[in-house]
Amino acid sequence: MEIKYFDHPHHLLSLSKPKYGSKDCPVCFKRLGSIGTQTYNCSADGCRYGVHESCAKLPQEVQSPFHPQHPLTLQRHRLYVDNYSFFLCGGCNKNFLGFAYRCDDCNFQLDRECAFMRQEKEQLDKKHPNHNHPLALFEKVPTERYKCVVCGKACCSDPDPTYGCWECRLFIHGSCFERKLPPEMHHFYHPHPLTLSATPSHLHITCEACYQEFAWVWYYSCKHCQDFGMDIGCTLLVLPTSTSIKSETQIQHFLHGHPLSLRNNQEVRPCRLCEKGCTGPTYVCDYGRDNNYRTCKYIYFHKSCLELPQQICHPFHPYHLLTLLDLSHYSSRRYRKCNACRKHAFFIAYICESYNCDFILHVECSTVMIPPITYQGHSHLLQLGELQKFRDVDKIVIEINLLKCSACKSNISESYAFTCLYCDFNLHLHCGPLPYTIKHKDHIIHPLFLTNSPLQEEVEDETDEFYCHACEEERDPLLPVYYCAECQFVAEFKCVFSQLILLLKGEYEDVELRTTAGHSGKLILKNTAKDMVQEKEQAKTALTLYDILKSWSIDEIEQLNSVLRAGERTMVIAKEDGYDEDWARETFLFFDKTYTRFMKVLDRGTKVPTPFKSVGEFPEVSSEWAPKEEVVSVGDYIVTLKLAPILKHLLSKHKDISATSVLRPRVKMYLSNMLCECIYSMINTKVVDITESLLLNWWTCLKILQLAEFKIQFAFDHLKRVVHAYLGLHFGKEDITLEKIDRDIQALKDKRKCIIAAESTKSSLIKECLREASILKNVSAGTFFLYR
């Protein structure tokens, strides 16, 4: 039997065994003869065309509910990549090879299985409480193509029927359709309520409980925490309310999103919290333990580790509470170092959740209660560190030996030193804050005071001998001492060392600390840290800039957007202007013209993002442009904490710079933050580090504020000076002078003389080589073997 096939109209095809078993079918791109059917092969001599019998019988036109506007026609897809015809199916959104059912008018195509999906004609559509459109019962759903939005597993028609929405490409198992999903619920793993949501089509979200990525499904999200999400299976996997959370056999714990079961562990497994081996009674996660791709099979906890408090107030960070969290949920902090011991923190640690605060503390380090020290000579807390202990435990001898004292600039080789908990600031013990007074067993009459050495009377004595009265041995005159002026009793460091360490460790409660340079210090004891955190929490502003913007009205949002749009022009440098960096270098002699064109570029400006991603009944605010940073009141304005000093200075020197603006108060508030942020960026950027992009951002910001009738001419005047300095540095690097040009000309003349001299002394061998090179350079090396 012969047929005429639309894809091969020049010859007839006859049904037979495949002529060429290694060739692919153009429709399905599988080998001819590989799917157990006969093949239609071209009857013409030398033509290798063939197509599977089943593929040849596919209808050339179908009507699909995925695209009800027009019929779809079976045809080759026109996009070829490496000789393969790839296309993206508009139903399942996956890539396929071969023929597609396509609508050319709408640029829409379906793969060959999705094109035949249908719904049961006799089945009435059903309504689901979590979806706006009616759902139809489907037949012929391709396995593994479509995922159930509830359980995330593949949909298929047999044995479980599938309901779906054509318009939204949403599919649900019949069994999952009957599940009751609460629209909002409280979960032990998260402090805020979780709301049933739909995954945005362009995003992949990772479940915070099982760490698996998912897309195109329903899940539970948190309105307060933008990045938090849990799939439905993990969210609903909770113990019954009748089960005691503190049950000995199964518990729910804030460190893991699934219930944990008590097992008698026979093999050594590391505890996820302390990373030490777990044997015997151990809490484990049973969720997905049979699936190798599930990370939950590696969840083990000591019982004692799960008894740690969720939040602590620690002296090392007396500014905010520290929360025990799994760092694997925080990609930006996952491989950061503990602020106390400087080791990497991989899994669970105490971290500060306050905005823009990266403090991390190992659980082991949280038990260390050596009080830190506030020091007048440094903005951060200092820790009394036992360096020899770090050398032995961490095996970082080279790193420790390279520590330099930030005061005297020499290496620190002693066993103890002061180190900063936040930055690379280190001090010798004798260079840092020490107890101002101590008592010594050999001088119980009076206290001894910290004093610089040598003493005045020792200098007046004009001898080179300096002794310690406690040990009666010669001492180092460059080190400070403890001294009683009334009795002229001197005790050197080593004779009071053990007492100093006890005092610095807080063994005798609070002590007065000073350096010989006069800087004071204070021990932060545990109770002191607790009081500091409580005061901080009480004094803490209830709102952030992000919170304020979320409460804006539609009118306020539209007014701000109109101001930003008025000053916003996309930075497009017109070709007729001829301005680019290379052109600027070549026109150094025409600097005035270059300057004029550069200022035109600045005046065009650049795009300024709006803090609002969408406008509606509940505005969606971008945390990138509206930071979750504490705000304070400065005059009649509200400004972020870090920008408050800048605004205070502006108001004291230039009065109310927005007084003449007719904008709404909260719009002026945001623009004031924008101005202070611009000035903050300028303050923290050296002129030599300025880029054209930075100048554009600063200039555009000031231009917008000027259009908003802010009186900021003073800022423009200063920025113009900065622009002049930038251009001066830019052109100063070129050193295009007449002297340099003359030097280059002379160098070329010298080179010409050398070439002429070389030409006159060429040997016959060199000439022969050059001749052969000119003859053979465009032919293969073996040509003359065949033709000569």
# chains A, B, ... in the order shown; residues from 1 in each chain; ligands from 1

$ closest_atom_pairs --of "region 82-148 of chain A" --to "region 163-170 of chain A" --cutoff "10 Å" --atoms "only C-alpha atoms" --output "tab-separated table"
residue	atom	partner	partner_atom	distance
A:Gly90	CA	A:Arg169	CA	9.6
A:Gly91	CA	A:Arg169	CA	7.0
A:Cys92	CA	A:Arg169	CA	7.7
A:Asn93	CA	A:Arg169	CA	9.6
A:Arg118	CA	A:Trp166	CA	10.0
A:Gln119	CA	A:Tyr163	CA	8.8
A:Asp125	CA	A:Tyr163	CA	8.8
A:Lys126	CA	A:Tyr163	CA	8.4
A:His131	CA	A:Cys165	CA	9.2
A:Asn132	CA	A:Cys165	CA	9.8
A:His133	CA	A:Cys165	CA	7.0
A:Pro134	CA	A:Cys165	CA	6.9
A:Leu135	CA	A:Gly164	CA	5.0
A:Ala136	CA	A:Tyr163	CA	5.3
A:Leu137	CA	A:Tyr163	CA	4.5
A:Phe138	CA	A:Tyr163	CA	5.7
A:Glu139	CA	A:Tyr163	CA	9.1
A:Val141	CA	A:Tyr163	CA	9.9
A:Tyr146	CA	A:Leu170	CA	8.4
A:Lys147	CA	A:Leu170	CA	8.4
A:Cys148	CA	A:Leu170	CA	7.7

$ residues_around --residues "Leu429 (chain A)" --least-positions-apart "3" --cutoff "8 Å" --atoms "only C-alpha atoms" --output "VMD selection string"
chain A and resid 416 to 418 432 to 434

$ closest_residue --among "A:Arg475, A:His77, A:Lys642, A:His440" --to "Glu630 (chain A)" --atoms "only C-alpha atoms"
A:Lys642

$ closest_residue --among "A:Leu707, A:Ile3, A:Cys274, A:His519" --to "Arg565 (chain A)" --atoms "only C-alpha atoms"
A:Leu707

$ residues_around --residues "Lys668 (chain A)" --least-positions-apart "6" --cutoff "9 Å" --atoms "only C-alpha atoms" --output "PyMOL selection string"
chain A and resi 560+637+658+661-662+708+710

$ write_last_selection --atoms "C-alpha atoms" --output "PDB file, in the first residue's frame"
ATOM      1  CA  LEU A 560       6.053  59.560  43.961  1.00  0.00           C
ATOM      2  CA  TYR A 637      11.106  63.787  58.866  1.00  0.00           C
ATOM      3  CA  SER A 658      11.780  70.790  51.037  1.00  0.00           C
ATOM      4  CA  SER A 661       7.772  71.634  47.658  1.00  0.00           C
ATOM      5  CA  VAL A 662       4.024  71.001  47.285  1.00  0.00           C
ATOM      6  CA  ALA A 708      10.475  68.204  43.158  1.00  0.00           C
ATOM      7  CA  PHE A 710      13.896  70.744  46.900  1.00  0.00           C
TER       8      PHE A 710
END

$ select_by_dssp --residues "region 186-396 of chain A" --states "alpha helix (DSSP H)" --output "PyMOL selection string"
chain A and resi 232-235+363-366+387-394

$ write_last_selection --atoms "all heavy atoms" --output "compact mmCIF listing (two decimals), in the first residue's frame"
# COMPACT_ATOMS: atom_id res chain seq x y z
N ILE A 232 2.99 21.77 50.40
CA ILE A 232 1.79 21.37 51.14
C ILE A 232 2.04 20.11 51.95
O ILE A 232 1.60 19.99 53.10
CB ILE A 232 0.61 21.18 50.16
CG1 ILE A 232 0.18 22.55 49.64
CG2 ILE A 232 -0.55 20.47 50.84
CD1 ILE A 232 -0.91 22.52 48.62
N GLY A 233 2.79 19.15 51.37
CA GLY A 233 3.06 17.91 52.09
C GLY A 233 3.78 18.14 53.40
O GLY A 233 3.43 17.56 54.44
N CYS A 234 4.79 19.01 53.37
CA CYS A 234 5.55 19.29 54.59
C CYS A 234 4.74 20.12 55.58
O CYS A 234 4.82 19.93 56.80
CB CYS A 234 6.85 20.02 54.25
SG CYS A 234 8.05 18.99 53.38
N THR A 235 3.95 21.06 55.06
CA THR A 235 3.19 21.94 55.94
C THR A 235 2.14 21.16 56.74
O THR A 235 1.93 21.42 57.92
CB THR A 235 2.49 23.05 55.13
OG1 THR A 235 3.45 23.68 54.28
CG2 THR A 235 1.88 24.08 56.03
N VAL A 363 26.98 27.31 68.66
CA VAL A 363 26.33 26.87 69.90
C VAL A 363 27.37 26.66 70.99
O VAL A 363 27.17 27.03 72.15
CB VAL A 363 25.53 25.57 69.63
CG1 VAL A 363 25.00 25.00 70.94
CG2 VAL A 363 24.39 25.85 68.67
N GLU A 364 28.51 26.06 70.62
CA GLU A 364 29.57 25.82 71.59
C GLU A 364 30.11 27.14 72.15
O GLU A 364 30.38 27.26 73.34
CB GLU A 364 30.70 25.04 70.92
CG GLU A 364 31.81 24.63 71.86
CD GLU A 364 32.90 23.83 71.15
OE1 GLU A 364 32.76 23.58 69.93
OE2 GLU A 364 33.88 23.47 71.80
N CYS A 365 30.24 28.14 71.29
CA CYS A 365 30.74 29.44 71.74
C CYS A 365 29.72 30.19 72.59
O CYS A 365 30.09 31.08 73.36
CB CYS A 365 31.13 30.30 70.54
SG CYS A 365 32.53 29.63 69.59
N SER A 366 28.43 29.86 72.43
CA SER A 366 27.42 30.55 73.22
C SER A 366 27.51 30.20 74.70
O SER A 366 26.96 30.91 75.54
CB SER A 366 26.02 30.20 72.69
OG SER A 366 25.69 28.85 72.99
N LEU A 387 44.97 33.02 72.85
CA LEU A 387 45.49 32.70 71.53
C LEU A 387 46.16 31.34 71.47
O LEU A 387 46.08 30.65 70.47
CB LEU A 387 46.49 33.79 71.08
CG LEU A 387 45.91 35.21 70.99
CD1 LEU A 387 46.93 36.14 70.36
CD2 LEU A 387 44.63 35.23 70.19
N GLN A 388 46.83 30.94 72.53
CA GLN A 388 47.51 29.64 72.51
C GLN A 388 46.49 28.51 72.39
O GLN A 388 46.71 27.52 71.70
CB GLN A 388 48.34 29.45 73.79
CG GLN A 388 49.22 28.21 73.78
CD GLN A 388 50.20 28.22 72.61
OE1 GLN A 388 50.89 29.21 72.40
NE2 GLN A 388 50.27 27.13 71.87
N LYS A 389 45.35 28.70 73.01
CA LYS A 389 44.27 27.70 72.90
C LYS A 389 43.79 27.60 71.46
O LYS A 389 43.58 26.52 70.92
CB LYS A 389 43.11 28.09 73.82
CG LYS A 389 41.93 27.14 73.75
CD LYS A 389 40.82 27.63 74.66
CE LYS A 389 39.59 26.72 74.54
NZ LYS A 389 38.47 27.20 75.38
N PHE A 390 43.65 28.78 70.80
CA PHE A 390 43.23 28.77 69.40
C PHE A 390 44.28 28.08 68.53
O PHE A 390 43.97 27.35 67.61
CB PHE A 390 43.02 30.20 68.90
CG PHE A 390 41.82 30.87 69.50
CD1 PHE A 390 41.75 32.25 69.59
CD2 PHE A 390 40.76 30.13 69.98
CE1 PHE A 390 40.64 32.88 70.14
CE2 PHE A 390 39.64 30.74 70.53
CZ PHE A 390 39.59 32.11 70.62
N ARG A 391 45.56 28.31 68.86
CA ARG A 391 46.62 27.68 68.06
C ARG A 391 46.51 26.16 68.14
O ARG A 391 46.64 25.46 67.16
CB ARG A 391 48.00 28.12 68.58
CG ARG A 391 48.36 29.56 68.26
CD ARG A 391 49.83 29.80 68.58
NE ARG A 391 50.17 31.19 68.39
CZ ARG A 391 50.27 32.07 69.37
NH1 ARG A 391 50.04 31.69 70.62
NH2 ARG A 391 50.59 33.32 69.13
N ASP A 392 46.30 25.66 69.34
CA ASP A 392 46.28 24.20 69.54
C ASP A 392 45.03 23.57 68.91
O ASP A 392 45.11 22.52 68.30
CB ASP A 392 46.34 23.88 71.03
CG ASP A 392 47.66 24.32 71.66
OD1 ASP A 392 48.61 24.53 70.89
OD2 ASP A 392 47.71 24.48 72.88
N VAL A 393 43.88 24.25 69.09
CA VAL A 393 42.62 23.64 68.64
C VAL A 393 42.39 23.83 67.15
O VAL A 393 42.08 22.91 66.42
CB VAL A 393 41.44 24.25 69.44
CG1 VAL A 393 40.11 23.72 68.90
CG2 VAL A 393 41.59 23.90 70.91
N ASP A 394 42.58 25.05 66.67
CA ASP A 394 42.24 25.35 65.29
C ASP A 394 43.36 25.07 64.30
O ASP A 394 43.15 25.07 63.10
CB ASP A 394 41.84 26.82 65.16
CG ASP A 394 40.58 27.12 65.95
OD1 ASP A 394 39.89 26.17 66.27
OD2 ASP A 394 40.33 28.30 66.24

$ residues_around --residues "Phe493 (chain A)" --least-positions-apart "2" --cutoff "8 Å" --atoms "only C-alpha atoms" --output "list in words"
Leu479, Pro480, Val481, Tyr482, Ala491, Cys495, Val496 and Phe497 of chain A

$ write_last_selection --atoms "N, CA and C atoms" --output "mmCIF file, in the first residue's frame"
data_model
loop_
_atom_site.group_PDB
_atom_site.id
_atom_site.type_symbol
_atom_site.label_atom_id
_atom_site.label_comp_id
_atom_site.auth_asym_id
_atom_site.auth_seq_id
_atom_site.Cartn_x
_atom_site.Cartn_y
_atom_site.Cartn_z
ATOM 1 N N LEU A 479 57.077 48.386 79.238
ATOM 2 C CA LEU A 479 55.743 47.876 79.554
ATOM 3 C C LEU A 479 55.159 48.629 80.737
ATOM 4 N N PRO A 480 53.835 48.862 80.741
ATOM 5 C CA PRO A 480 53.209 49.537 81.881
ATOM 6 C C PRO A 480 53.318 48.677 83.147
ATOM 7 N N VAL A 481 53.130 49.295 84.291
ATOM 8 C CA VAL A 481 53.243 48.601 85.586
ATOM 9 C C VAL A 481 52.070 48.998 86.458
ATOM 10 N N TYR A 482 51.909 48.276 87.568
ATOM 11 C CA TYR A 482 50.972 48.660 88.624
ATOM 12 C C TYR A 482 51.802 49.267 89.759
ATOM 13 N N ALA A 491 54.890 46.789 90.624
ATOM 14 C CA ALA A 491 54.673 45.372 90.274
ATOM 15 C C ALA A 491 54.564 45.266 88.765
ATOM 16 N N CYS A 495 53.848 39.565 87.372
ATOM 17 C CA CYS A 495 53.578 39.301 88.783
ATOM 18 C C CYS A 495 52.108 39.502 89.148
ATOM 19 N N VAL A 496 51.347 40.154 88.274
ATOM 20 C CA VAL A 496 49.912 40.352 88.533
ATOM 21 C C VAL A 496 49.068 39.713 87.430
ATOM 22 N N PHE A 497 49.703 38.942 86.564
ATOM 23 C CA PHE A 497 49.039 38.429 85.359
ATOM 24 C C PHE A 497 47.808 37.581 85.695
#

$ atom_distance --atom1 "CA of Leu239 (chain A)" --atom2 "CA of Thr199 (chain A)"
26.1 Å

$ atom_distance --atom1 "CA of Ile690 (chain A)" --atom2 "CA of Val723 (chain A)"
9.4 Å

$ residues_around --residues "region 345-348 of chain A" --least-positions-apart "2" --cutoff "8 Å" --atoms "only C-alpha atoms" --output "JSON, numbers by chain"
{"A": [272, 273, 274, 324, 325, 326, 327, 328, 334, 335, 336, 337, 338, 343, 350, 360, 362, 363]}

$ residues_around --residues "Gln69 (chain A)" --least-positions-apart "6" --cutoff "12 Å" --atoms "only C-alpha atoms" --output "PyMOL selection string"
chain A and resi 62-63+103+105-106+108

$ residues_around --residues "Asn673 (chain A)" --least-positions-apart "5" --cutoff "9 Å" --atoms "only C-alpha atoms" --output "PDB file with N, CA, C and O atoms, in the first residue's frame"
ATOM      1  N   ILE A 638      11.116  61.382  58.848  1.00  0.00           N
ATOM      2  CA  ILE A 638      11.485  60.043  59.307  1.00  0.00           C
ATOM      3  C   ILE A 638      12.533  59.525  58.351  1.00  0.00           C
ATOM      4  O   ILE A 638      12.341  59.548  57.123  1.00  0.00           O
ATOM      5  N   VAL A 639      13.661  59.080  58.887  1.00  0.00           N
ATOM      6  CA  VAL A 639      14.787  58.679  58.053  1.00  0.00           C
ATOM      7  C   VAL A 639      15.412  57.434  58.654  1.00  0.00           C
ATOM      8  O   VAL A 639      15.283  57.171  59.857  1.00  0.00           O
ATOM      9  N   THR A 640      16.077  56.618  57.816  1.00  0.00           N
ATOM     10  CA  THR A 640      16.711  55.406  58.328  1.00  0.00           C
ATOM     11  C   THR A 640      17.840  55.776  59.281  1.00  0.00           C
ATOM     12  O   THR A 640      18.429  56.857  59.202  1.00  0.00           O
ATOM     13  N   LEU A 643      21.218  57.120  58.093  1.00  0.00           N
ATOM     14  CA  LEU A 643      21.193  58.398  57.396  1.00  0.00           C
ATOM     15  C   LEU A 643      20.833  59.570  58.303  1.00  0.00           C
ATOM     16  O   LEU A 643      20.887  60.723  57.880  1.00  0.00           O
ATOM     17  N   LEU A 647      21.002  63.845  57.672  1.00  0.00           N
ATOM     18  CA  LEU A 647      19.837  64.728  57.626  1.00  0.00           C
ATOM     19  C   LEU A 647      19.924  65.803  58.706  1.00  0.00           C
ATOM     20  O   LEU A 647      19.559  66.960  58.477  1.00  0.00           O
ATOM     21  N   LYS A 668       7.702  63.540  50.363  1.00  0.00           N
ATOM     22  CA  LYS A 668       8.897  64.325  50.678  1.00  0.00           C
ATOM     23  C   LYS A 668       9.820  63.542  51.620  1.00  0.00           C
ATOM     24  O   LYS A 668      11.040  63.633  51.517  1.00  0.00           O
ATOM     25  N   CYS A 678      22.111  59.348  48.667  1.00  0.00           N
ATOM     26  CA  CYS A 678      23.037  59.843  47.637  1.00  0.00           C
ATOM     27  C   CYS A 678      24.267  60.469  48.296  1.00  0.00           C
ATOM     28  O   CYS A 678      25.404  60.189  47.912  1.00  0.00           O
TER      29      CYS A 678
END

$ closest_residue --among "A:Leu13, A:Ala529, A:Leu194, A:Cys471" --to "Lys441 (chain A)" --atoms "only C-alpha atoms"
A:Cys471

$ select_by_dssp --residues "region 445-520 of chain A" --states "strand (DSSP E or B)" --output "VMD selection string"
chain A and resid 445 to 451 467 to 468 473 to 474 481 to 484 489 to 491 512 to 514 520

$ closest_residue --among "A:Ala407, A:Ala470, A:Leu727, A:Cys341" --to "Thr594 (chain A)" --atoms "only C-alpha atoms"
A:Leu727

$ atom_distance --atom1 "CA of Val667 (chain A)" --atom2 "CA of Leu702 (chain A)"
15.5 Å

$ closest_residue --among "A:Trp698, A:Tyr467, A:Phe214, A:Tyr220" --to "His186 (chain A)" --atoms "only C-alpha atoms"
A:Tyr220
